[in-house]
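The structure under discussion appears below in the form of structure tokens.
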Amino acid sequence: MLALIPLFPLIGFLINGTWYAFGQAPAGRRKAGAQITGVIATIAIFLSFVVSSILFSQLLGMDAEHRAIEQVIYPWISIGNFKLDMVFRLDSLSTLFTLVITGVGTLIHIYSIGYMSHDETPGKFFSYLNLFCFAMLMLVIGGSLPILFLGWEGVGLCSYLLIGYWYQDEEKAKAGKKAFVVNRVGDFGFLLGMFLIFATFGTLDFEALKTLFVHGALPPGVDGSTITAICLLLFVGCMGKSAQIPLYVWLPDAMAGPTPVSALIHAATMVTSGIYMVSRLNFLYSLSPTALSVVATVGAVTAFFAATIAVVQTDIKKVLAYSTVSQLGYMFLGCGVGAYSAGVFHVITHAFFKALLFLGAGSVIHGMHEEQNILKMGGLKSKMPRTFLTFAIGWLAICGIPPFSGFFSKDEILWQAYSSPHGSVFLWALGAMTAVMTAFYMTRLFYLTFLGESRFKAATHQQQGHKHDDGHGHKQDHAHGAIHVHESPFSMVVPLMVLAFLSAFGGFIGIPHLSWLEHWLEPLIPTHEATGNVAAGMEWLLMAVSVAGATIGVFGALKLYRNLPAVNELTKKLSPVHRLLENKWYIDELYEGLIIRPIRKISELLWTVVDVGIIDRLVLSFGRVSTWTGETARVAHTGAIQVYALALLLGILAIAGYLIYGWV
Amino acid sequence: MDGFDSSLLSKIVFLPFVWGVLGLLIPSKSKPGRVALQTWTLAGTLVTLGLSSLIYFRYLPNGADFQLTEKLDWIPDLGTSYSVGLDGISLWLILLTTFLMPIAVLSSFSAIETRVREYYFLLLALETGMLGAFVSLDMFLFYIFWEAMLIPMYFLIGIWGGKDRVYAAMKFFLYTLVGSLLMLVAIFYLAFQHKVQFGAYSTQITELYKLQLASGGGFWSTQNILFLAFALAFAIKVPLFPFHTWLPDAHVQAPTAGSVILAAVLLKMGGYGFIRFGFPLFPQAVLYFQIPFMTLGTVAIIYGAWVAMVQPDIKKLVAYSSVSHMGYVIVGLFSLNEIAVTGSYYQMLNHGISTGALFLLVGMIYERRHTREISAFGGITKVMPLFAVIFMIATLSSIALPGTNGFVGEFLILLGAWKTSPILTAIATLGVIFGAIYMLWMFQRVMFGPLKDEQNQKLKDLNFRELLVLAPLVVAIFGMGIFPNFFFEKLEPSIHRLIVRSSSVLANPVAENSDSVSAVALIKGN
């Protein structure tokens, strides 16, 4: 039954994929619409959600110690003692992920039916989307590192395909390639980590590995520094997939893909794979304080750094992208202080509210006819009321306003960053400052998009009248560049509402001290008690501080952006800083200059100097028997091939004979 | 069935040649004649494929070392015989060859229009040469087949190749011939050594395996010198950096089918040679040169990838990617453990499939557009969607995406190699990054972006015959990625035996002494 979870999306992919490749893509064939292809894909992922739910309820009925469902599909690779089965395992941790992937996935599929209704090749889009879900589910239910890696690279492939979905735009194709290559840099670390694990422990299976660590102690004969090396190498993989410094550069560019893709892959699911892996291997990470502090520091610094960039971005999706990088940093901060379940908690709430925000942004972009610049929006509140309301909930959730979901998970991480034995005031302070900035830039986004005056030329009321003819496929089709803004269709709004509900109330699974989630994960992730020297009231004090911080961020932004000219004035005054942030700290340029260009130069030299200049010249000087060359060339053209071949063969035999008898 | 089986291998080996000779009788000047000849040749390769698939069922992985053996005395005085047999190591390379031949033939239907009769004859003769090399259990016989392969390939490149075909063909010929001459000398030395140790000449490899070859005394030991003589021949074939420069020229100039066979099978002769002869005969020498060879393999991975990256010609890019991929094979083989050697072997099969597919795809687009310059393309996906899908799949296989065949090979190689040398493995693993860069960058420039060029706008997508050519490869890419154990079951026992044999020899080294005539003395004496 477990295998059905990834199987349904795989079947969906095969149906839509084959149909598209052979029935729709060839010249002259009609493309199927988003309705039919979208429904096929949605059914596939929904069935997977149903199975996930059934299996979840089965897990609920099991006692904590044996809470796992395992299915061995077939022996994948077996060489001598090395056995690698295709084995799936569903336990407390992976079941949460399958529910999020298939649940949020289903909503995003439904949304896409509306969103992609004017696309030329929805069949292709939905087949990719199903393929992604398949790979993502493999990633979380795979019972060993190589299967996880199979999913890991599989989602990377789908991400590549979907970022470059509109491949005729060269920039989008490049963004896809960049995502794949940067992820490969991370996978380089992942692979080495796997090799080291195998060399050290002789197995790559999660369960087998876990049993080697009795009561969280090092197995005999294994050095602590090996564990640190393993954890750090695997974390390089996480930096790639989960977009952490220094490998985060692909994620903002990944916004080139269709918005539902940004919501599903680049916010809710794929990018959280790194947190999944660290949590899955918590028994390793917990043994290496060094690795943990690296994880926590990278997470906290990324959270802060990405937030600074988000403050000045003007593209609605770019703001959300940097916000995602920042929130992923939070999750790693949680993991890095040993509070894995807090990290997982934030994965879940973030999946709700960030998917909501992205889909809301998609709805806005759809309604604004592909406009993405928030400076050219404003006042959409009245024109897109349902999008506005649901987006508002997402906004409150990410800002950390109680009792919305983001508040609980973010607060838990901040509290752990302060109180855990691995935490520190420094980590807490970075996290808290990020929280203020998050509230600030999200409020800026929210205000500039929905509130205030419209900063675009709206079409007249009369023109808005034909809302239902769905003529918005072509951009700004009305005279004078006026935009006829409209609320999105039902298929898009309903997923927004469901996600809004989840964003509002999803946090209650992890209320401090009564956390269902922490308890649920306990058999896999032992909970850490706060260190004794933390004062009793501290938790509530810090909570108050973070709520106050969020409030300051929100009101600061509201006050500032109510007066746009003043903002421009301020921007001018801070122009060096502003430019630095706007250009994303010039990190892309740095990579281009320090790595990419030198390698390309060296490669040219290797080719022209080493290959052609040195090796070839040496070899040819050996073989420069020009008469012979001329001779053979002539023979080749006379057609006496067989004769020549025979002569050569006899020649060889003659030489052979001479050599033998010459020696004997 | 016994009578049939008793010469099954010989039937498989010589069937293509005989079929080819008969094909020469078909008049091929007219169009119907040409079609008849094409059909005849395709049928021949298909019959060979059918016949060879029998060996999969006949071969028992836990049976004798070599099965379906045949032996006929040839030059008894020299101990040379026509001796063939089958083990897991030859099995899959034979099947790879017979699997790819119909594809190569079918792909030539529209590409080859001149001297059609000779062309198909040479293809079939080449098949016999390749199959013969894989089944030879006699070193001299192996050598004959090894050289015999050169000739048809030389003409395939030299006659039906691109505009610098003569240069490329000569370079290919010289490189490989020079390499194999030293091997021939070494073979005779081994036969001679057999006489010294056992009283009679022999070139039978199972006999030669019993030789005690001295290995002590530093670099100039008998084993080392013999090994290097063999290794040069094999390294050139692989081709291992720095002996690779014949490959880009040969590949670029060769007709598509020639490139496919060259990449898929001929290069494998090198790896096969190391496994079949290098390892069991000279285990100490292999150990002695383990790190140097692994280093060269690692250099090849990175070097091939980097040089591939800056190629302006798609076919040349794919050719350099071969250098990189075969670098993995060398790294794995010289790691000398079961996982890595099995991975290397698998990588050889994979490379045959994925690079074969890439060459076919490049050939198809070349037939349409008469150029292979990357810059001449862009946005091709729009007009050739099916081509795009299959090109993508071949690309993914080439960059070793999990789920495709490429991953299994690379993963096992690196996993095993780590135990031998973590540092070299770490450097070799960088290849996964560069592999993605050069392939995806090329793919992006050819297939994505706006479709601006007018000639490109008129390109037709794959036709039914082309789909038929590519479909088996697509199936193989996923089949081998998802069910590698199907292959390992009949491969692994042979590799296991090989490793065990080498390690037992390693445990009892033979010192240089007066009992055996050392190769050094021999060289100096003559």
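By order in the structure tokens, chains are A, B, ...; within a chain, residues start at 1; ligands start at 1, following the order shown.
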Task: Residue set, region 12-118 of chain A restricted to strand (DSSP E), as JSON, numbers by chain - done: {"A": [68, 69, 70, 71, 72, 73, 74, 75, 76, 77, 78, 79, 82, 83, 84, 85, 86, 87, 88, 89, 90, 91]}
Please write the residues from the selection above to a file, keeping N, CA and C atoms, as a PDB file, in the first residue's frame.
ATOM      1  N   ALA A  68       5.898   2.471  12.468  1.00  0.00           N
ATOM      2  CA  ALA A  68       6.504   2.541  11.135  1.00  0.00           C
ATOM      3  C   ALA A  68       5.871   1.506  10.224  1.00  0.00           C
ATOM      4  N   ILE A  69       5.746   1.844   8.975  1.00  0.00           N
ATOM      5  CA  ILE A  69       5.268   0.895   7.972  1.00  0.00           C
ATOM      6  C   ILE A  69       6.383   0.757   6.947  1.00  0.00           C
ATOM      7  N   GLU A  70       6.745  -0.480   6.663  1.00  0.00           N
ATOM      8  CA  GLU A  70       7.862  -0.679   5.745  1.00  0.00           C
ATOM      9  C   GLU A  70       7.436  -1.556   4.584  1.00  0.00           C
ATOM     10  N   GLN A  71       7.958  -1.260   3.427  1.00  0.00           N
ATOM     11  CA  GLN A  71       7.671  -2.108   2.270  1.00  0.00           C
ATOM     12  C   GLN A  71       8.922  -2.225   1.404  1.00  0.00           C
ATOM     13  N   VAL A  72       9.350  -3.462   1.237  1.00  0.00           N
ATOM     14  CA  VAL A  72      10.485  -3.703   0.348  1.00  0.00           C
ATOM     15  C   VAL A  72       9.931  -4.018  -1.030  1.00  0.00           C
ATOM     16  N   ILE A  73      10.324  -3.220  -2.007  1.00  0.00           N
ATOM     17  CA  ILE A  73       9.746  -3.407  -3.341  1.00  0.00           C
ATOM     18  C   ILE A  73      10.528  -4.475  -4.110  1.00  0.00           C
ATOM     19  N   TYR A  74      11.821  -4.279  -4.232  1.00  0.00           N
ATOM     20  CA  TYR A  74      12.660  -5.272  -4.913  1.00  0.00           C
ATOM     21  C   TYR A  74      14.108  -4.952  -4.603  1.00  0.00           C
ATOM     22  N   PRO A  75      14.991  -5.936  -4.769  1.00  0.00           N
ATOM     23  CA  PRO A  75      16.410  -5.630  -4.551  1.00  0.00           C
ATOM     24  C   PRO A  75      16.940  -4.793  -5.713  1.00  0.00           C
ATOM     25  N   TRP A  76      17.410  -3.612  -5.393  1.00  0.00           N
ATOM     26  CA  TRP A  76      17.803  -2.664  -6.432  1.00  0.00           C
ATOM     27  C   TRP A  76      19.216  -2.982  -6.925  1.00  0.00           C
ATOM     28  N   ILE A  77      20.161  -2.898  -5.995  1.00  0.00           N
ATOM     29  CA  ILE A  77      21.548  -3.179  -6.352  1.00  0.00           C
ATOM     30  C   ILE A  77      22.080  -4.160  -5.324  1.00  0.00           C
ATOM     31  N   SER A  78      22.677  -5.235  -5.788  1.00  0.00           N
ATOM     32  CA  SER A  78      23.315  -6.096  -4.811  1.00  0.00           C
ATOM     33  C   SER A  78      24.603  -6.659  -5.403  1.00  0.00           C
ATOM     34  N   ILE A  79      25.699  -6.313  -4.770  1.00  0.00           N
ATOM     35  CA  ILE A  79      27.016  -6.746  -5.222  1.00  0.00           C
ATOM     36  C   ILE A  79      27.747  -7.301  -4.011  1.00  0.00           C
ATOM     37  N   PHE A  82      27.267  -5.911  -0.482  1.00  0.00           N
ATOM     38  CA  PHE A  82      26.578  -4.627  -0.592  1.00  0.00           C
ATOM     39  C   PHE A  82      25.176  -4.834  -1.139  1.00  0.00           C
ATOM     40  N   LYS A  83      24.194  -4.644  -0.282  1.00  0.00           N
ATOM     41  CA  LYS A  83      22.809  -4.849  -0.693  1.00  0.00           C
ATOM     42  C   LYS A  83      22.046  -3.549  -0.532  1.00  0.00           C
ATOM     43  N   LEU A  84      21.376  -3.185  -1.592  1.00  0.00           N
ATOM     44  CA  LEU A  84      20.594  -1.963  -1.542  1.00  0.00           C
ATOM     45  C   LEU A  84      19.214  -2.280  -2.085  1.00  0.00           C
ATOM     46  N   ASP A  85      18.252  -2.349  -1.192  1.00  0.00           N
ATOM     47  CA  ASP A  85      16.898  -2.661  -1.632  1.00  0.00           C
ATOM     48  C   ASP A  85      16.138  -1.389  -1.933  1.00  0.00           C
ATOM     49  N   MET A  86      15.169  -1.517  -2.830  1.00  0.00           N
ATOM     50  CA  MET A  86      14.234  -0.419  -3.029  1.00  0.00           C
ATOM     51  C   MET A  86      13.227  -0.553  -1.895  1.00  0.00           C
ATOM     52  N   VAL A  87      13.494   0.169  -0.815  1.00  0.00           N
ATOM     53  CA  VAL A  87      12.652  -0.004   0.358  1.00  0.00           C
ATOM     54  C   VAL A  87      12.042   1.338   0.754  1.00  0.00           C
ATOM     55  N   PHE A  88      10.738   1.291   1.040  1.00  0.00           N
ATOM     56  CA  PHE A  88      10.036   2.492   1.489  1.00  0.00           C
ATOM     57  C   PHE A  88       9.707   2.347   2.961  1.00  0.00           C
ATOM     58  N   ARG A  89       9.786   3.427   3.684  1.00  0.00           N
ATOM     59  CA  ARG A  89       9.467   3.383   5.108  1.00  0.00           C
ATOM     60  C   ARG A  89       8.698   4.636   5.481  1.00  0.00           C
ATOM     61  N   LEU A  90       7.560   4.414   6.114  1.00  0.00           N
ATOM     62  CA  LEU A  90       6.741   5.537   6.561  1.00  0.00           C
ATOM     63  C   LEU A  90       6.745   5.534   8.075  1.00  0.00           C
ATOM     64  N   ASP A  91       7.232   6.619   8.667  1.00  0.00           N
ATOM     65  CA  ASP A  91       7.213   6.702  10.126  1.00  0.00           C
ATOM     66  C   ASP A  91       6.722   8.087  10.544  1.00  0.00           C
TER      67      ASP A  91
END
For chain B, report every residue with an atom at most 8 Å from chain A (counting only C-alpha atoms), formatted as a tab-separated table (two decimals) with N, CA and C atoms, in the first residue's frame.
chain	number	residue	atom	x	y	z
B	147	GLU	N	43.10	-6.54	-33.83
B	147	GLU	CA	43.62	-5.83	-35.00
B	147	GLU	C	42.63	-5.83	-36.13
B	148	ALA	N	41.89	-6.93	-36.23
B	148	ALA	CA	40.94	-7.04	-37.34
B	148	ALA	C	39.86	-5.98	-37.24
B	151	ILE	N	40.62	-2.50	-39.01
B	151	ILE	CA	40.58	-2.29	-40.45
B	151	ILE	C	39.22	-1.76	-40.92
B	155	PHE	N	38.37	2.10	-42.48
B	155	PHE	CA	37.73	2.44	-43.75
B	155	PHE	C	36.40	3.16	-43.55
B	158	GLY	N	37.52	6.57	-42.96
B	158	GLY	CA	38.26	7.12	-44.08
B	158	GLY	C	37.44	7.32	-45.35
B	159	ILE	N	36.39	6.54	-45.52
B	159	ILE	CA	35.61	6.66	-46.75
B	159	ILE	C	34.31	7.43	-46.55
B	166	VAL	N	40.42	11.52	-43.80
B	166	VAL	CA	41.65	10.76	-44.00
B	166	VAL	C	42.62	11.00	-42.85
B	170	MET	N	43.77	8.09	-40.27
B	170	MET	CA	45.19	7.77	-40.07
B	170	MET	C	45.59	7.89	-38.61
B	171	LYS	N	45.11	8.95	-38.00
B	171	LYS	CA	45.46	9.18	-36.61
B	171	LYS	C	44.94	8.03	-35.75
B	174	LEU	N	47.08	4.85	-36.57
B	174	LEU	CA	48.44	4.89	-36.03
B	174	LEU	C	48.45	4.72	-34.51
B	175	TYR	N	47.60	5.50	-33.87
B	175	TYR	CA	47.52	5.43	-32.42
B	175	TYR	C	47.32	3.99	-31.96
B	184	LEU	N	51.60	-7.08	-28.50
B	184	LEU	CA	51.95	-8.31	-29.21
B	184	LEU	C	53.27	-8.87	-28.67
B	185	VAL	N	54.23	-8.00	-28.50
B	185	VAL	CA	55.51	-8.44	-27.95
B	185	VAL	C	55.30	-9.08	-26.59
B	188	PHE	N	53.92	-12.57	-26.80
B	188	PHE	CA	54.93	-13.59	-27.11
B	188	PHE	C	55.81	-13.89	-25.91
B	242	PRO	N	46.82	10.78	-21.16
B	242	PRO	CA	46.91	11.71	-22.29
B	242	PRO	C	46.92	11.01	-23.66
B	243	PHE	N	46.32	9.84	-23.75
B	243	PHE	CA	46.34	9.14	-25.04
B	243	PHE	C	45.02	9.28	-25.80
B	245	THR	N	43.82	11.87	-27.77
B	245	THR	CA	43.57	12.90	-28.79
B	245	THR	C	43.14	12.35	-30.14
B	303	TYR	N	39.45	16.78	-16.90
B	303	TYR	CA	39.98	17.33	-18.14
B	303	TYR	C	38.96	17.19	-19.27
B	306	TRP	N	36.06	19.57	-18.76
B	306	TRP	CA	36.38	20.98	-19.00
B	306	TRP	C	36.55	21.26	-20.48
B	307	VAL	N	37.27	20.38	-21.16
B	307	VAL	CA	37.48	20.62	-22.58
B	307	VAL	C	36.16	20.47	-23.34
B	309	MET	N	33.36	21.31	-22.30
B	309	MET	CA	32.56	22.51	-22.02
B	309	MET	C	32.74	23.59	-23.09
B	310	VAL	N	33.96	23.72	-23.60
B	310	VAL	CA	34.22	24.85	-24.50
B	310	VAL	C	34.20	24.45	-25.98
B	338	GLU	N	35.26	-5.06	-5.39
B	338	GLU	CA	34.14	-5.59	-6.15
B	338	GLU	C	33.13	-4.52	-6.56
B	339	ILE	N	32.83	-3.64	-5.61
B	339	ILE	CA	31.81	-2.63	-5.90
B	339	ILE	C	32.26	-1.73	-7.04
B	342	THR	N	32.66	-3.64	-10.47
B	342	THR	CA	31.33	-3.88	-11.05
B	342	THR	C	30.76	-2.58	-11.59
B	379	GLY	N	16.43	26.91	-29.61
B	379	GLY	CA	14.97	26.81	-29.65
B	379	GLY	C	14.42	25.64	-30.43
B	383	VAL	N	10.25	23.03	-32.62
B	383	VAL	CA	9.91	22.33	-33.86
B	383	VAL	C	10.14	20.82	-33.78
B	384	MET	N	10.96	20.39	-32.81
B	384	MET	CA	11.24	18.95	-32.72
B	384	MET	C	10.98	18.45	-31.30
B	385	PRO	N	9.73	18.45	-30.88
B	385	PRO	CA	9.44	18.09	-29.49
B	385	PRO	C	9.83	16.66	-29.11
B	386	LEU	N	9.63	15.74	-30.01
B	386	LEU	CA	9.99	14.35	-29.68
B	386	LEU	C	11.50	14.19	-29.58
B	389	VAL	N	12.56	15.43	-26.26
B	389	VAL	CA	12.34	14.51	-25.14
B	389	VAL	C	13.46	13.47	-25.07
B	401	LEU	N	21.80	10.95	-13.82
B	401	LEU	CA	20.68	11.22	-12.93
B	401	LEU	C	20.18	9.91	-12.33
B	402	PRO	N	19.94	9.86	-11.03
B	402	PRO	CA	19.43	8.62	-10.45
B	402	PRO	C	18.12	8.21	-11.13
B	403	GLY	N	17.99	6.91	-11.36
B	403	GLY	CA	16.84	6.42	-12.11
B	403	GLY	C	17.27	6.06	-13.52
B	414	LEU	N	32.31	5.38	-7.52
B	414	LEU	CA	32.80	6.33	-6.52
B	414	LEU	C	32.68	5.76	-5.12
B	415	LEU	N	31.58	5.03	-4.89
B	415	LEU	CA	31.39	4.41	-3.58
B	415	LEU	C	32.54	3.45	-3.27
B	418	TRP	N	36.13	5.24	-3.01
B	418	TRP	CA	36.37	5.96	-1.76
B	418	TRP	C	37.21	5.13	-0.80
B	419	LYS	N	36.97	3.82	-0.80
B	419	LYS	CA	37.72	2.97	0.13
B	419	LYS	C	39.18	2.92	-0.25
B	426	ALA	N	37.14	12.15	-4.15
B	426	ALA	CA	36.50	13.46	-3.98
B	426	ALA	C	36.72	14.31	-5.23
B	429	THR	N	34.62	12.98	-8.00
B	429	THR	CA	33.20	13.29	-7.81
B	429	THR	C	32.86	14.70	-8.32
B	430	LEU	N	33.87	15.57	-8.38
B	430	LEU	CA	33.63	16.89	-8.97
B	430	LEU	C	33.07	16.76	-10.39
B	432	VAL	N	30.65	15.17	-11.36
B	432	VAL	CA	29.19	15.24	-11.44
B	432	VAL	C	28.73	16.69	-11.63
B	433	ILE	N	29.55	17.62	-11.12
B	433	ILE	CA	29.18	19.02	-11.31
B	433	ILE	C	29.47	19.45	-12.75
B	436	ALA	N	27.25	18.03	-15.46
B	436	ALA	CA	25.98	18.74	-15.59
B	436	ALA	C	26.17	20.05	-16.33
B	437	ILE	N	27.29	20.71	-16.06
B	437	ILE	CA	27.48	22.02	-16.69
B	437	ILE	C	27.59	21.88	-18.21
B	440	LEU	N	24.20	20.36	-19.85
B	440	LEU	CA	23.00	21.20	-19.79
B	440	LEU	C	23.21	22.52	-20.52
B	441	TRP	N	24.44	22.99	-20.49
B	441	TRP	CA	24.71	24.24	-21.20
B	441	TRP	C	24.53	24.02	-22.70
B	444	GLN	N	20.87	23.63	-23.44
B	444	GLN	CA	20.18	24.92	-23.41
B	444	GLN	C	20.42	25.69	-24.71
B	448	PHE	N	16.86	25.21	-26.23
B	448	PHE	CA	16.04	26.26	-25.62
B	448	PHE	C	16.33	27.61	-26.26
B	449	GLY	N	15.66	28.62	-25.75
B	449	GLY	CA	15.82	29.96	-26.30
B	449	GLY	C	14.88	30.17	-27.47
B	450	PRO	N	14.91	31.37	-28.03
B	450	PRO	CA	14.01	31.66	-29.15
B	450	PRO	C	14.44	30.93	-30.42
B	451	LEU	N	13.47	30.56	-31.21
B	451	LEU	CA	13.75	29.86	-32.47
B	451	LEU	C	13.87	30.92	-33.56
B	461	ASP	N	10.44	16.97	-37.17
B	461	ASP	CA	10.68	16.12	-35.99
B	461	ASP	C	11.06	14.71	-36.44
B	482	ILE	N	16.86	1.24	-13.34
B	482	ILE	CA	15.88	0.81	-12.34
B	482	ILE	C	16.13	-0.64	-11.92
B	483	PHE	N	16.57	-1.47	-12.85
B	483	PHE	CA	16.78	-2.88	-12.51
B	483	PHE	C	18.22	-3.33	-12.77
B	484	PRO	N	19.18	-2.69	-12.15
B	484	PRO	CA	20.57	-3.09	-12.42
B	484	PRO	C	20.87	-4.52	-11.99
B	485	ASN	N	20.10	-5.00	-11.02
B	485	ASN	CA	20.39	-6.34	-10.54
B	485	ASN	C	20.19	-7.42	-11.58
B	488	PHE	N	23.56	-7.51	-12.86
B	488	PHE	CA	24.57	-7.93	-11.89
B	488	PHE	C	24.51	-9.42	-11.59
B	492	GLU	N	28.21	-10.40	-11.59
B	492	GLU	CA	28.94	-10.25	-10.34
B	492	GLU	C	29.79	-11.47	-9.98
B	496	HIS	N	33.61	-11.29	-8.98
B	496	HIS	CA	34.02	-11.79	-7.67
B	496	HIS	C	35.21	-12.74	-7.82
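Distance annotation: of B:Gly481, B:Gly278, B:Gly129, B:Pro76, the residue with the minimal separation from Leu349 (chain B) is B:Gly481; atom set is only C-alpha atoms.
If you look at CA of Ser323 (chain A) and CA of Lys241 (chain A), they are 15.7 Å away from each other.
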- [ ] Might you pull out every residue within 9 Å of Glu127 (chain B), with only C-alpha atoms counted and same-chain residues fewer than 3 positions away left off, and present them as a PyMOL selection string?
- [x] chain B and resi 13-14+16-17+45+97-98+101+122-124+130-132+149
Task: Ala296 (chain A) environment, 12 Å, only C-alpha atoms, sequence neighbours closer than 4 positions dropped, as a VMD selection string - done: chain A and resid 232 235 244 to 245 275 278 285 289 to 292 300 to 303 328 to 340 343 413 to 414 416 to 418 420 422 to 424 426 to 428 430 to 431
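Take the candidates B:Ser259, B:Thr39, B:Ser202, B:Ser90 and check each one against Tyr345 (chain B) using only C-alpha atoms; the shortest distance goes to B:Ser90.
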TODO: May I ask which of the residues B:Leu360, B:Ile205, B:Leu78, B:Leu412 is the closest one to Thr256 (chain B), counting only C-alpha atoms?
DONE: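 Between B:Leu360, B:Ile205, B:Leu78, B:Leu412, the residue approaching Thr256 (chain B) most closely is B:Leu360.
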TODO: Write out as a list in words the residues lying within 12 Å of Asn583 (chain A), counting only C-alpha atoms and excluding same-chain residues fewer than 6 positions away.
DONE: Val249, Pro252, Thr308, Ile309, Ala310, Val312, Gln313, Thr314, Ser575, Pro576, Val577, Glu589 and Leu590 of chain A
Export N, CA and C atoms of the chosen residues as a PDB file, in the first residue's frame?
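What follows is the written file again_37.pdb:
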ATOM      1  N   VAL A 249      21.942  31.002  -4.350  1.00  0.00           N
ATOM      2  CA  VAL A 249      21.779  31.905  -5.501  1.00  0.00           C
ATOM      3  C   VAL A 249      20.798  31.439  -6.566  1.00  0.00           C
ATOM      4  N   PRO A 252      16.272  32.570  -5.984  1.00  0.00           N
ATOM      5  CA  PRO A 252      15.596  33.766  -6.516  1.00  0.00           C
ATOM      6  C   PRO A 252      15.404  33.683  -8.029  1.00  0.00           C
ATOM      7  N   THR A 308      17.544  40.926   4.502  1.00  0.00           N
ATOM      8  CA  THR A 308      17.995  42.262   4.097  1.00  0.00           C
ATOM      9  C   THR A 308      17.749  42.493   2.612  1.00  0.00           C
ATOM     10  N   ILE A 309      17.923  41.440   1.824  1.00  0.00           N
ATOM     11  CA  ILE A 309      17.713  41.611   0.384  1.00  0.00           C
ATOM     12  C   ILE A 309      16.226  41.763   0.071  1.00  0.00           C
ATOM     13  N   ALA A 310      15.405  40.994   0.818  1.00  0.00           N
ATOM     14  CA  ALA A 310      13.961  41.024   0.562  1.00  0.00           C
ATOM     15  C   ALA A 310      13.397  42.428   0.753  1.00  0.00           C
ATOM     16  N   VAL A 312      14.364  45.272  -0.200  1.00  0.00           N
ATOM     17  CA  VAL A 312      14.398  46.231  -1.305  1.00  0.00           C
ATOM     18  C   VAL A 312      13.909  45.676  -2.641  1.00  0.00           C
ATOM     19  N   GLN A 313      13.547  44.394  -2.693  1.00  0.00           N
ATOM     20  CA  GLN A 313      13.108  43.844  -3.972  1.00  0.00           C
ATOM     21  C   GLN A 313      11.750  44.419  -4.358  1.00  0.00           C
ATOM     22  N   THR A 314      11.536  44.579  -5.653  1.00  0.00           N
ATOM     23  CA  THR A 314      10.269  45.150  -6.095  1.00  0.00           C
ATOM     24  C   THR A 314       9.402  44.138  -6.845  1.00  0.00           C
ATOM     25  N   SER A 575      21.489  55.413  -0.784  1.00  0.00           N
ATOM     26  CA  SER A 575      21.676  54.741  -2.075  1.00  0.00           C
ATOM     27  C   SER A 575      22.803  53.700  -2.133  1.00  0.00           C
ATOM     28  N   PRO A 576      23.966  53.905  -1.507  1.00  0.00           N
ATOM     29  CA  PRO A 576      24.985  52.836  -1.587  1.00  0.00           C
ATOM     30  C   PRO A 576      24.485  51.524  -0.991  1.00  0.00           C
ATOM     31  N   VAL A 577      23.873  51.629   0.182  1.00  0.00           N
ATOM     32  CA  VAL A 577      23.333  50.434   0.827  1.00  0.00           C
ATOM     33  C   VAL A 577      22.230  49.825  -0.027  1.00  0.00           C
ATOM     34  N   GLU A 589      27.780  38.022  -9.178  1.00  0.00           N
ATOM     35  CA  GLU A 589      28.906  38.579  -9.922  1.00  0.00           C
ATOM     36  C   GLU A 589      30.217  38.007  -9.390  1.00  0.00           C
ATOM     37  N   LEU A 590      30.249  37.822  -8.082  1.00  0.00           N
ATOM     38  CA  LEU A 590      31.442  37.277  -7.442  1.00  0.00           C
ATOM     39  C   LEU A 590      31.717  35.861  -7.957  1.00  0.00           C
TER      40      LEU A 590
END
- [ ] Find the spatial neighbours of Ala229 (chain B), counting only C-alpha atoms, within a cut-off of 9 Å - ignore same-chain residues fewer than 3 positions away - and output them as a ChimeraX atom specification.
- [x] /B:179-186,224-226,232-233
So that I have them on file, write out the residues from the current selection with C-alpha atoms, as a compact mmCIF listing (two decimals), in the first residue's frame.
# COMPACT_ATOMS: atom_id res chain seq x y z
CA GLY B 179 49.74 0.75 -28.94
CA SER B 180 49.01 -2.82 -29.84
CA LEU B 181 52.45 -3.68 -31.15
CA LEU B 182 53.91 -3.61 -27.67
CA MET B 183 51.04 -5.79 -26.54
CA LEU B 184 51.95 -8.31 -29.21
CA VAL B 185 55.51 -8.44 -27.95
CA ALA B 186 54.25 -8.97 -24.44
CA ASN B 224 55.41 -4.03 -14.37
CA ILE B 225 56.95 -4.01 -17.81
CA LEU B 226 54.57 -6.56 -19.23
CA LEU B 232 49.46 1.20 -23.33
CA ALA B 233 47.32 -0.64 -25.84
